[in-house]
Every structure is written in C-alpha cells, then in structure tokens.
file query-v2.txt (compact mmCIF, C-alpha atoms)
# COMPACT_ATOMS: atom_id res chain seq x y z
CA MET A 1 90.50 130.40 321.21
CA ASP A 2 91.02 130.51 324.97
CA ILE A 3 93.59 128.59 327.00
CA THR A 4 91.06 125.97 328.15
CA ASN A 5 90.30 124.93 324.55
CA ILE A 6 93.99 124.88 323.64
CA ALA A 7 94.77 122.80 326.73
CA LYS A 8 92.07 120.35 325.59
CA LYS A 9 93.72 120.01 322.18
CA LEU A 10 97.04 119.26 323.92
CA GLY A 11 95.49 116.69 326.26
CA LEU A 12 95.83 118.89 329.35
CA SER A 13 92.20 119.83 329.99
CA ASP A 14 91.99 117.80 333.21
CA ASN A 15 94.74 119.83 334.90
CA ASN A 16 92.94 122.89 336.27
CA LEU A 17 96.00 124.12 338.16
CA LEU A 18 98.03 124.16 334.96
CA ILE A 19 95.31 126.06 333.09
CA ARG A 20 95.03 128.67 335.85
CA LYS A 21 98.80 129.10 335.91
CA ALA A 22 98.94 129.48 332.13
CA ALA A 23 96.14 132.08 332.26
CA GLU A 24 98.09 133.98 334.91
CA ILE A 25 101.24 133.96 332.75
CA ARG A 26 99.21 135.10 329.76
CA ARG A 27 97.84 138.09 331.71
CA LEU A 28 101.35 138.93 332.83
CA CYS A 29 102.50 138.67 329.23
CA ASP A 30 99.78 141.06 328.08
CA VAL A 31 100.81 143.64 330.68
CA GLN A 32 104.62 143.40 330.54
CA PHE A 33 105.43 142.15 327.07
CA ASP A 34 104.23 143.00 323.58
CA SER A 35 104.15 139.62 321.85
CA SER A 36 103.48 141.23 318.47
CA ILE A 37 107.13 142.32 318.27
CA ILE A 38 108.16 138.68 317.86
CA GLY A 39 105.41 138.02 315.34
CA ILE A 40 103.18 135.58 317.22
CA GLY A 41 99.39 135.59 317.41
CA GLU A 42 97.05 134.87 320.30
CA ILE A 43 96.96 131.10 319.71
CA CYS A 44 100.75 130.85 319.70
CA LYS A 45 100.96 132.98 322.81
CA ALA A 46 98.46 130.78 324.63
CA VAL A 47 100.32 127.62 323.61
CA MET A 48 103.62 129.04 324.87
CA CYS A 49 102.06 130.19 328.13
CA LEU A 50 100.82 126.63 328.65
CA GLU A 51 104.33 125.28 328.06
CA ILE A 52 105.86 127.79 330.50
CA ALA A 53 103.25 126.82 333.11
CA ALA A 54 103.89 123.12 332.49
CA SER A 55 107.60 123.66 332.96
CA ARG A 56 107.12 125.49 336.25
CA LEU A 57 104.68 122.88 337.58
CA GLU A 58 106.80 119.99 336.23
CA VAL A 59 103.95 118.67 334.11
CA ILE A 60 104.74 116.57 331.03
CA PHE A 61 104.19 118.71 327.94
CA ASP A 62 104.11 117.54 324.30
CA ARG A 63 106.14 120.24 322.56
CA GLN A 64 105.81 118.67 319.10
CA ALA A 65 102.02 118.79 319.37
CA ALA A 66 102.29 122.38 320.58
CA ILE A 67 104.48 123.35 317.63
CA LYS A 68 102.02 121.76 315.21
CA LEU A 69 99.13 123.62 316.83
CA SER A 70 101.01 126.93 316.68
CA GLY A 71 101.57 126.58 312.93
CA MET A 72 105.24 127.55 313.29
CA SER A 73 108.44 125.72 312.44
CA GLU A 74 110.34 124.14 315.33
CA ARG A 75 113.18 126.66 315.14
CA ALA A 76 110.83 129.67 314.93
CA TYR A 77 108.76 128.33 317.82
CA SER A 78 111.83 127.84 320.02
CA ARG A 79 113.13 131.34 319.32
CA SER A 80 109.78 132.96 320.04
CA PHE A 81 109.27 130.82 323.14
CA ASN A 82 112.64 131.83 324.60
CA THR A 83 111.97 135.50 323.87
CA LEU A 84 108.50 135.32 325.44
CA GLN A 85 109.80 133.48 328.48
CA ASN A 86 112.55 136.04 329.05
CA GLY A 87 110.07 138.85 328.41
CA VAL A 88 107.80 137.83 331.28
CA GLY A 89 110.78 137.32 333.58
CA VAL A 90 110.54 133.55 333.99
CA LYS A 91 113.97 132.28 335.01
CA ILE A 92 115.16 128.82 334.09
CA LYS A 93 117.22 126.79 336.52
CA LEU A 94 119.76 124.56 334.84
CA ASN A 95 121.53 121.90 336.89
CA ILE A 96 124.71 120.33 335.46
CA LYS A 97 123.81 116.89 336.77
CA GLU A 98 120.30 116.98 335.28
CA LEU A 99 121.71 118.28 332.01
CA ALA A 100 124.27 115.48 331.86
CA ILE A 101 121.58 112.86 332.49
CA GLN A 102 119.28 114.38 329.87
CA PHE A 103 122.00 114.29 327.19
CA GLY A 104 123.54 111.00 328.31
CA CYS A 105 126.91 112.47 329.32
CA VAL A 106 127.06 111.69 333.05
CA ARG A 107 130.84 111.22 333.05
CA MET A 108 131.29 114.90 332.19
CA ILE A 109 129.71 116.32 335.36
CA SER A 110 132.94 117.03 337.26
CA THR A 111 134.69 118.30 334.12
CA VAL A 112 131.89 120.78 333.38
CA GLN A 113 131.82 121.95 336.99
CA LYS A 114 135.57 122.58 336.98
CA GLY A 115 135.49 124.36 333.61
CA LEU A 116 132.56 126.58 334.54
CA SER A 117 134.10 127.51 337.90
CA THR A 118 137.44 128.38 336.30
CA TYR A 119 135.77 130.48 333.61
CA LYS A 120 133.81 132.49 336.17
CA GLU A 121 136.96 133.20 338.17
CA ARG A 122 138.96 134.28 335.13
CA PHE A 123 136.15 136.34 333.65
CA LEU A 124 135.45 138.26 336.85
CA SER A 125 139.15 138.90 337.43
CA SER A 126 139.38 140.41 333.94
CA LEU A 127 136.70 143.01 334.77
CA PRO A 128 137.13 146.29 336.68
CA VAL A 129 136.12 145.93 340.32
CA SER A 130 133.20 148.31 339.79
CA ARG A 131 131.59 145.95 337.24
CA ARG A 132 132.01 142.63 339.03
CA ALA A 133 129.05 143.01 341.38
CA ASN A 134 126.63 143.64 338.50
CA THR A 135 127.79 140.71 336.35
CA ASP A 136 125.51 137.66 336.53
CA LEU A 137 127.30 134.45 335.56
CA THR A 138 124.67 132.17 337.09
CA ARG A 139 122.42 132.24 334.03
CA PRO A 140 121.71 128.88 332.31
CA VAL A 141 123.49 129.94 329.11
CA PHE A 142 126.88 129.73 330.87
CA THR A 143 126.19 126.22 332.16
CA ALA A 144 124.98 125.13 328.73
CA ALA A 145 128.01 126.62 326.96
CA ALA A 146 130.48 124.92 329.33
CA PHE A 147 128.61 121.64 328.89
CA TYR A 148 128.73 121.92 325.09
CA LEU A 149 132.46 122.72 324.98
CA CYS A 150 133.32 119.85 327.33
CA ALA A 151 131.28 117.46 325.18
CA LYS A 152 133.01 118.71 322.04
CA LYS A 153 136.45 118.27 323.61
CA GLN A 154 135.61 114.70 324.58
CA LYS A 155 134.17 114.06 321.10
CA LEU A 156 130.65 113.45 322.38
CA LYS A 157 127.72 114.44 320.19
CA VAL A 158 125.42 117.04 321.73
CA ASP A 159 122.62 118.75 319.81
CA ASN A 160 123.45 122.43 320.32
CA PHE A 161 120.03 123.52 319.05
CA ARG A 162 118.33 121.39 321.69
CA LEU A 163 120.78 122.69 324.28
CA ILE A 164 119.91 126.29 323.37
CA GLU A 165 116.24 125.38 323.71
CA VAL A 166 116.75 123.82 327.15
CA CYS A 167 118.63 126.80 328.57
CA GLY A 168 116.16 129.31 327.11
CA THR A 169 118.63 131.53 325.31
CA SER A 170 119.21 132.71 321.75
CA GLU A 171 121.69 131.34 319.21
CA SER A 172 123.61 134.63 319.14
CA GLU A 173 123.93 134.81 322.94
CA PHE A 174 124.98 131.15 323.12
CA SER A 175 127.61 131.70 320.41
CA CYS A 176 128.94 134.78 322.18
CA VAL A 177 129.38 132.92 325.48
CA LEU A 178 131.12 130.05 323.66
CA THR A 179 133.60 132.53 322.16
CA SER A 180 134.25 134.11 325.56
CA MET A 181 134.85 130.72 327.18
CA MET A 182 137.24 129.59 324.47
CA ASP A 183 139.12 132.87 324.72
CA LEU A 184 139.63 132.68 328.50
CA CYS A 185 139.79 128.90 329.02
CA PHE A 186 141.27 127.37 325.90
CA ASP A 187 143.46 125.19 328.14
CA LEU A 188 140.28 123.55 329.47
CA PHE A 189 137.89 123.63 326.51
CA GLY A 190 140.12 123.90 323.43
CA VAL A 191 141.29 121.10 321.18
CA SER A 192 144.84 121.53 319.86
CA LYS A 193 145.37 120.40 316.27
CA GLU A 194 148.46 118.69 314.98
CA LYS A 195 150.49 120.87 312.66
CA LYS A 196 152.02 119.29 309.58
CA ASP A 197 155.54 120.12 308.49
CA THR A 198 155.14 122.31 305.41
CA LYS A 199 158.38 120.92 303.95
CA GLU A 200 156.93 117.42 303.94
CA THR A 201 153.60 118.48 302.44
CA LYS A 202 153.24 118.09 298.69
CA VAL A 203 151.40 120.93 297.00
CA ASP A 204 148.81 119.94 294.44
CA GLN A 205 148.27 122.63 291.79
CA GLY A 206 144.51 122.02 291.62
CA LEU A 207 144.18 122.39 295.40
CA LEU A 208 146.34 125.51 295.32
CA ASN A 209 143.99 127.13 292.81
CA ALA A 210 141.01 126.26 295.00
CA LEU A 211 142.48 127.94 298.07
CA PRO A 212 141.10 131.30 299.23
CA LEU A 213 142.67 134.35 297.59
CA LYS A 214 144.34 135.29 300.86
CA ARG A 215 146.27 132.02 300.98
CA ARG A 216 147.41 132.43 297.37
CA TYR A 217 148.62 135.94 298.11
CA GLU A 218 150.79 134.54 300.89
CA ASP A 219 152.24 131.93 298.53
CA VAL A 220 153.16 134.35 295.74
CA PHE A 221 154.75 136.96 298.00
CA SER A 222 158.53 136.64 297.72
CA SER A 223 160.73 136.39 300.80
CA ASP A 224 162.11 139.85 300.05
CA ASP A 225 158.65 141.37 300.21
CA GLU A 226 158.53 141.37 304.04
CA CYS A 227 155.97 144.13 304.30
CA LEU A 228 153.44 142.25 302.14
CA GLN A 229 154.12 138.94 303.90
CA HIS A 230 153.04 140.35 307.27
CA LEU A 231 150.17 142.49 306.07
CA LEU A 232 147.48 139.79 305.96
CA PRO A 233 148.35 138.05 309.26
CA LYS A 234 148.29 141.41 311.06
CA ARG A 235 144.94 142.27 309.57
CA LYS A 236 143.52 138.89 310.60
CA LYS A 237 144.86 139.33 314.13
CA LYS A 238 143.28 142.78 314.39
CA ILE A 239 139.88 141.44 313.27
CA GLU A 240 140.04 138.59 315.82
CA GLU A 241 141.02 140.97 318.65
CA THR A 242 138.10 143.26 317.80
CA LYS A 243 135.66 140.32 317.70
CA ASN A 244 136.83 139.00 321.09
CA LYS A 245 136.64 142.47 322.63
CA ASP A 246 133.06 142.96 321.42
CA CYS A 247 132.02 139.53 322.65
CA LYS A 248 133.58 140.09 326.07
CA SER A 249 131.69 143.36 326.38
CA THR A 250 128.42 141.63 325.47
CA VAL A 251 128.90 138.84 328.02
CA ALA A 252 129.72 141.35 330.76
CA SER A 253 126.48 143.19 330.07
CA PHE A 254 124.24 140.15 330.75
CA ASP A 255 122.05 140.81 333.80

call {"tool": "encode", "arguments": {"input": "query-v2.txt", "output": "structure tokens"}}
result
Amino acid sequence: MDITNIAKKLGLSDNNLLIRKAAEIRRLCDVQFDSSIIGIGEICKAVMCLEIAASRLEVIFDRQAAIKLSGMSERAYSRSFNTLQNGVGVKIKLNIKELAIQFGCVRMISTVQKGLSTYKERFLSSLPVSRRANTDLTRPVFTAAAFYLCAKKQKLKVDNFRLIEVCGTSESEFSCVLTSMMDLCFDLFGVSKEKKDTKETKVDQGLLNALPLKRRYEDVFSSDDECLQHLLPKRKKKIEETKNKDCKSTVASFD
C-alpha cells in the first residue's frame, strides 16, 4: 500500500504537498534508517512518515486513526514513531509557552524557564571545560522534564506519557533527565516531606511484619551493634551515588 492510499484512509488525500513530503521522508528513511530494527512494516512506516510530514507542515493529523491503521498499540506506536523520527534526523522544537498552553498550565511558564535555565548553568559548570562545547541541552527532552517537575511540585496533573510523546523522546531518556534535574536542582524542583517524630509514632506489630526486610533488620539491631546499624544505610548511599553518576554521564552524552 503506497502513501497516497494510506493518506486517503486518513482523510488526507486532498493535500498533495503533504503526500509529497511524506514520500520524501519515506525515501530518506529507506536510505538512512533500517525500520526493521524497531519491528515495523511498510504500512506502519508510511503512516509514521505521514505524521512526521503533517507535523512539519502544521497539518492536523488524526493520530488515533493512524494508530488503528498501523495495527499497533498506542504505546508501541509512540515508541516506534519517536525512534523513526530521530533516525531520520527530524528535530522537534518545543516551546515552553506552547507546551504550557497545550497542557493547561500557563501559570508555570516563568517557573519552568527559571528552573530550566538554572539546571543548564549548574549542569555545564559540573562538566570539564573540554566537554561543555559538545553538550546539547537545547533538546526538547530537557524542556519537557523541567515542565513535568514544575507541574509535580505545584501539584498539577500532567500526563507524562503524552509529554514524552510530544517531545519525541524515550521513557528511559526522559527518566534519566528527570533524575539529573532532581539531583542538581532539588531546591527548585524537589518537594520536601514532613518527617514524623519517631518517639511519637506508635508501632503496629502487623505493619512491622509487613515492612521490607531491610527495615526490620534496622529495628532488631541493638544500639551496641554499631557496625551493623550503619551497614545498610552506607550500602544504600553507595547505590544511589552510582545511579546518579551513571545518569549524569548519560545526559552529558546527548548530542
């Protein structure tokens, strides 16, 4: 099935410019990107090329109809679409103001701008001078991550799956950037939790038995057993430090 027939099924057959653009993207895809590695067939590829073309030409596109035609689930379609889009080198421009309007969070615009700017400054200053020039922090995933964290801090509901779809990234990349932002800018994005006084908290035996094994170990260690008391917290700290270090390295490698 060629692009013209697929465009007809999606109600786009009267837009010749869109069809030509989609055909051009499909040829580029065939040359530069092996779509079989993400498990999509020719029909799916044509549908996605039409959506990419519609996005670039600012033509209204019915994604739900496209997903139904592709025969894929919504999540699988979004993942494959983002991979295909990145594979052919199509860059998405994400504006904070437009994002705020789309998600109904206009009051957050200045907060997101401030948070994103601060994160970029702190992240670049944490890198060696030799690596700063090659680090691209203008990608949509950074804007989307800052937007999501600001919304979460202000207790506003934002669909993170839809946000990932809009910025054209993957769930793992989005999660990694979130971790990096929280690590460097907790004062801007973090939410501090109230700590209860342990002396005033009554311990229920049933709840105690339901706690993770680690917590129960901490409870049964006597005060004289100092070495055992500090073993688990140190191990947890080491794991967290390793995770943050790996994530920071991944974010710095984004081109």

call {"tool": "atom_distance", "arguments": {"input": "query-v2.txt", "atom1": "atom CA of Leu17 of chain A", "atom2": "atom CA of Ile38 of chain A"}}
result
27.8 Å

call {"tool": "atom_distance", "arguments": {"input": "query-v2.txt", "atom1": "atom CA of Leu116 of chain A", "atom2": "atom CA of Ser55 of chain A"}}
result
25.2 Å

call {"tool": "closest_residue", "arguments": {"input": "query-v2.txt", "among": "A:Phe174, A:Phe161, A:Phe186, A:Phe142", "to": "Ala76 of chain A", "atoms": "only C-alpha atoms"}}
result
A:Phe161

call {"tool": "residues_around", "arguments": {"input": "query-v2.txt", "residues": "Val141 of chain A", "least_positions_apart": "3", "cutoff": "8 Å", "atoms": "all atoms listed in the file", "output": "PyMOL selection string"}}
result
chain A and resi 144-145+164+167-169+173-174+177

call {"tool": "residues_around", "arguments": {"input": "query-v2.txt", "residues": "Gly115 of chain A", "least_positions_apart": "6", "cutoff": "10 Å", "atoms": "all atoms listed in the file", "output": "number ranges by chain"}}
result
A: 143, 146-147, 149-150, 181, 185, 187-189

call {"tool": "closest_residue", "arguments": {"input": "query-v2.txt", "among": "A:Lys157, A:Arg79, A:Arg139, A:Lys114", "to": "Ser170 of chain A", "atoms": "all atoms listed in the file"}}
result
A:Arg79

call {"tool": "closest_residue", "arguments": {"input": "query-v2.txt", "among": "A:Gly190, A:Asn5, A:Val59, A:Met72", "to": "Ala46 of chain A", "atoms": "all atoms listed in the file"}}
result
A:Asn5

call {"tool": "atom_distance", "arguments": {"input": "query-v2.txt", "atom1": "atom CA of Ser172 of chain A", "atom2": "atom CA of Glu51 of chain A"}}
result
23.2 Å

call {"tool": "decode", "arguments": {"input": "query-v2.txt", "residues": "segment 27-40 of chain A", "atoms": "all heavy atoms", "output": "JSON list (two decimals), in the first residue's frame"}}
result
[["chain", "number", "residue", "atom", "x", "y", "z"],
["A", 27, "ARG", "N", 11.56, 8.01, 1.61],
["A", 27, "ARG", "CA", 12.78, 7.69, 0.86],
["A", 27, "ARG", "C", 14.01, 7.91, 1.73],
["A", 27, "ARG", "O", 14.96, 7.11, 1.71],
["A", 27, "ARG", "CB", 12.86, 8.54, -0.41],
["A", 27, "ARG", "CG", 11.88, 8.13, -1.50],
["A", 27, "ARG", "CD", 12.21, 8.81, -2.82],
["A", 27, "ARG", "NE", 12.03, 10.25, -2.76],
["A", 27, "ARG", "CZ", 10.89, 10.88, -3.01],
["A", 27, "ARG", "NH1", 9.81, 10.17, -3.36],
["A", 27, "ARG", "NH2", 10.80, 12.19, -2.94],
["A", 28, "LEU", "N", 13.99, 8.99, 2.49],
["A", 28, "LEU", "CA", 15.09, 9.28, 3.39],
["A", 28, "LEU", "C", 15.22, 8.19, 4.45],
["A", 28, "LEU", "O", 16.34, 7.78, 4.81],
["A", 28, "LEU", "CB", 14.86, 10.64, 4.07],
["A", 28, "LEU", "CG", 15.95, 11.15, 5.02],
["A", 28, "LEU", "CD1", 17.24, 11.40, 4.26],
["A", 28, "LEU", "CD2", 15.50, 12.43, 5.72],
["A", 29, "CYS", "N", 14.08, 7.73, 4.92],
["A", 29, "CYS", "CA", 14.05, 6.66, 5.91],
["A", 29, "CYS", "C", 14.66, 5.38, 5.35],
["A", 29, "CYS", "O", 15.43, 4.69, 6.03],
["A", 29, "CYS", "CB", 12.61, 6.42, 6.36],
["A", 29, "CYS", "SG", 12.40, 5.06, 7.52],
["A", 30, "ASP", "N", 14.32, 5.06, 4.10],
["A", 30, "ASP", "CA", 14.83, 3.85, 3.47],
["A", 30, "ASP", "C", 16.35, 3.89, 3.31],
["A", 30, "ASP", "O", 17.03, 2.86, 3.40],
["A", 30, "ASP", "CB", 14.19, 3.65, 2.09],
["A", 30, "ASP", "CG", 12.70, 3.30, 2.20],
["A", 30, "ASP", "OD1", 12.30, 2.79, 3.26],
["A", 30, "ASP", "OD2", 11.96, 3.56, 1.23],
["A", 31, "VAL", "N", 16.87, 5.09, 3.07],
["A", 31, "VAL", "CA", 18.31, 5.24, 2.84],
["A", 31, "VAL", "C", 19.11, 5.28, 4.15],
["A", 31, "VAL", "O", 20.15, 4.65, 4.28],
["A", 31, "VAL", "CB", 18.60, 6.52, 2.02],
["A", 31, "VAL", "CG1", 20.11, 6.79, 1.94],
["A", 31, "VAL", "CG2", 18.01, 6.39, 0.63],
["A", 32, "GLN", "N", 18.59, 6.03, 5.14],
["A", 32, "GLN", "CA", 19.37, 6.31, 6.35],
["A", 32, "GLN", "C", 18.99, 5.46, 7.57],
["A", 32, "GLN", "O", 19.74, 5.41, 8.54],
["A", 32, "GLN", "CB", 19.22, 7.79, 6.74],
["A", 32, "GLN", "CG", 19.78, 8.74, 5.70],
["A", 32, "GLN", "CD", 19.77, 10.18, 6.18],
["A", 32, "GLN", "OE1", 19.35, 10.47, 7.30],
["A", 32, "GLN", "NE2", 20.26, 11.09, 5.36],
["A", 33, "PHE", "N", 17.85, 4.79, 7.50],
["A", 33, "PHE", "CA", 17.38, 4.13, 8.71],
["A", 33, "PHE", "C", 16.72, 2.81, 8.39],
["A", 33, "PHE", "O", 15.85, 2.74, 7.53],
["A", 33, "PHE", "CB", 16.39, 5.07, 9.44],
["A", 33, "PHE", "CG", 15.85, 4.53, 10.73],
["A", 33, "PHE", "CD1", 16.64, 4.48, 11.87],
["A", 33, "PHE", "CD2", 14.55, 4.09, 10.81],
["A", 33, "PHE", "CE1", 16.13, 4.00, 13.06],
["A", 33, "PHE", "CE2", 14.03, 3.62, 12.00],
["A", 33, "PHE", "CZ", 14.84, 3.57, 13.13],
["A", 34, "ASP", "N", 17.12, 1.76, 9.06],
["A", 34, "ASP", "CA", 16.55, 0.44, 8.87],
["A", 34, "ASP", "C", 15.36, 0.27, 9.82],
["A", 34, "ASP", "O", 15.54, 0.01, 11.01],
["A", 34, "ASP", "CB", 17.61, -0.63, 9.13],
["A", 34, "ASP", "CG", 17.08, -2.04, 8.88],
["A", 34, "ASP", "OD1", 15.93, -2.16, 8.41],
["A", 34, "ASP", "OD2", 17.81, -3.00, 9.16],
["A", 35, "SER", "N", 14.17, 0.46, 9.30],
["A", 35, "SER", "CA", 12.98, 0.42, 10.15],
["A", 35, "SER", "C", 12.70, -0.97, 10.71],
["A", 35, "SER", "O", 11.96, -1.11, 11.69],
["A", 35, "SER", "CB", 11.75, 0.90, 9.37],
["A", 35, "SER", "OG", 11.56, 0.10, 8.20],
["A", 36, "SER", "N", 13.28, -2.00, 10.11],
["A", 36, "SER", "CA", 13.02, -3.36, 10.59],
["A", 36, "SER", "C", 13.58, -3.59, 12.00],
["A", 36, "SER", "O", 13.11, -4.47, 12.72],
["A", 36, "SER", "CB", 13.63, -4.39, 9.63],
["A", 36, "SER", "OG", 15.05, -4.28, 9.60],
["A", 37, "ILE", "N", 14.56, -2.77, 12.39],
["A", 37, "ILE", "CA", 15.16, -2.97, 13.72],
["A", 37, "ILE", "C", 14.20, -2.56, 14.83],
["A", 37, "ILE", "O", 14.39, -2.94, 15.99],
["A", 37, "ILE", "CB", 16.49, -2.19, 13.87],
["A", 37, "ILE", "CG1", 16.24, -0.68, 13.77],
["A", 37, "ILE", "CG2", 17.50, -2.64, 12.86],
["A", 37, "ILE", "CD1", 17.50, 0.14, 14.03],
["A", 38, "ILE", "N", 13.17, -1.79, 14.51],
["A", 38, "ILE", "CA", 12.18, -1.43, 15.53],
["A", 38, "ILE", "C", 10.89, -2.20, 15.29],
["A", 38, "ILE", "O", 9.87, -1.91, 15.91],
["A", 38, "ILE", "CB", 11.92, 0.09, 15.57],
["A", 38, "ILE", "CG1", 11.46, 0.61, 14.21],
["A", 38, "ILE", "CG2", 13.14, 0.83, 16.06],
["A", 38, "ILE", "CD1", 11.05, 2.08, 14.24],
["A", 39, "GLY", "N", 10.94, -3.16, 14.39],
["A", 39, "GLY", "CA", 9.82, -4.08, 14.20],
["A", 39, "GLY", "C", 8.58, -3.50, 13.57],
["A", 39, "GLY", "O", 7.46, -3.88, 13.93],
["A", 40, "ILE", "N", 8.72, -2.58, 12.62],
["A", 40, "ILE", "CA", 7.55, -2.04, 11.93],
["A", 40, "ILE", "C", 7.59, -2.41, 10.45],
["A", 40, "ILE", "O", 8.65, -2.51, 9.85],
["A", 40, "ILE", "CB", 7.43, -0.51, 12.08],
["A", 40, "ILE", "CG1", 8.63, 0.21, 11.43],
["A", 40, "ILE", "CG2", 7.31, -0.12, 13.53],
["A", 40, "ILE", "CD1", 8.48, 1.70, 11.38]]
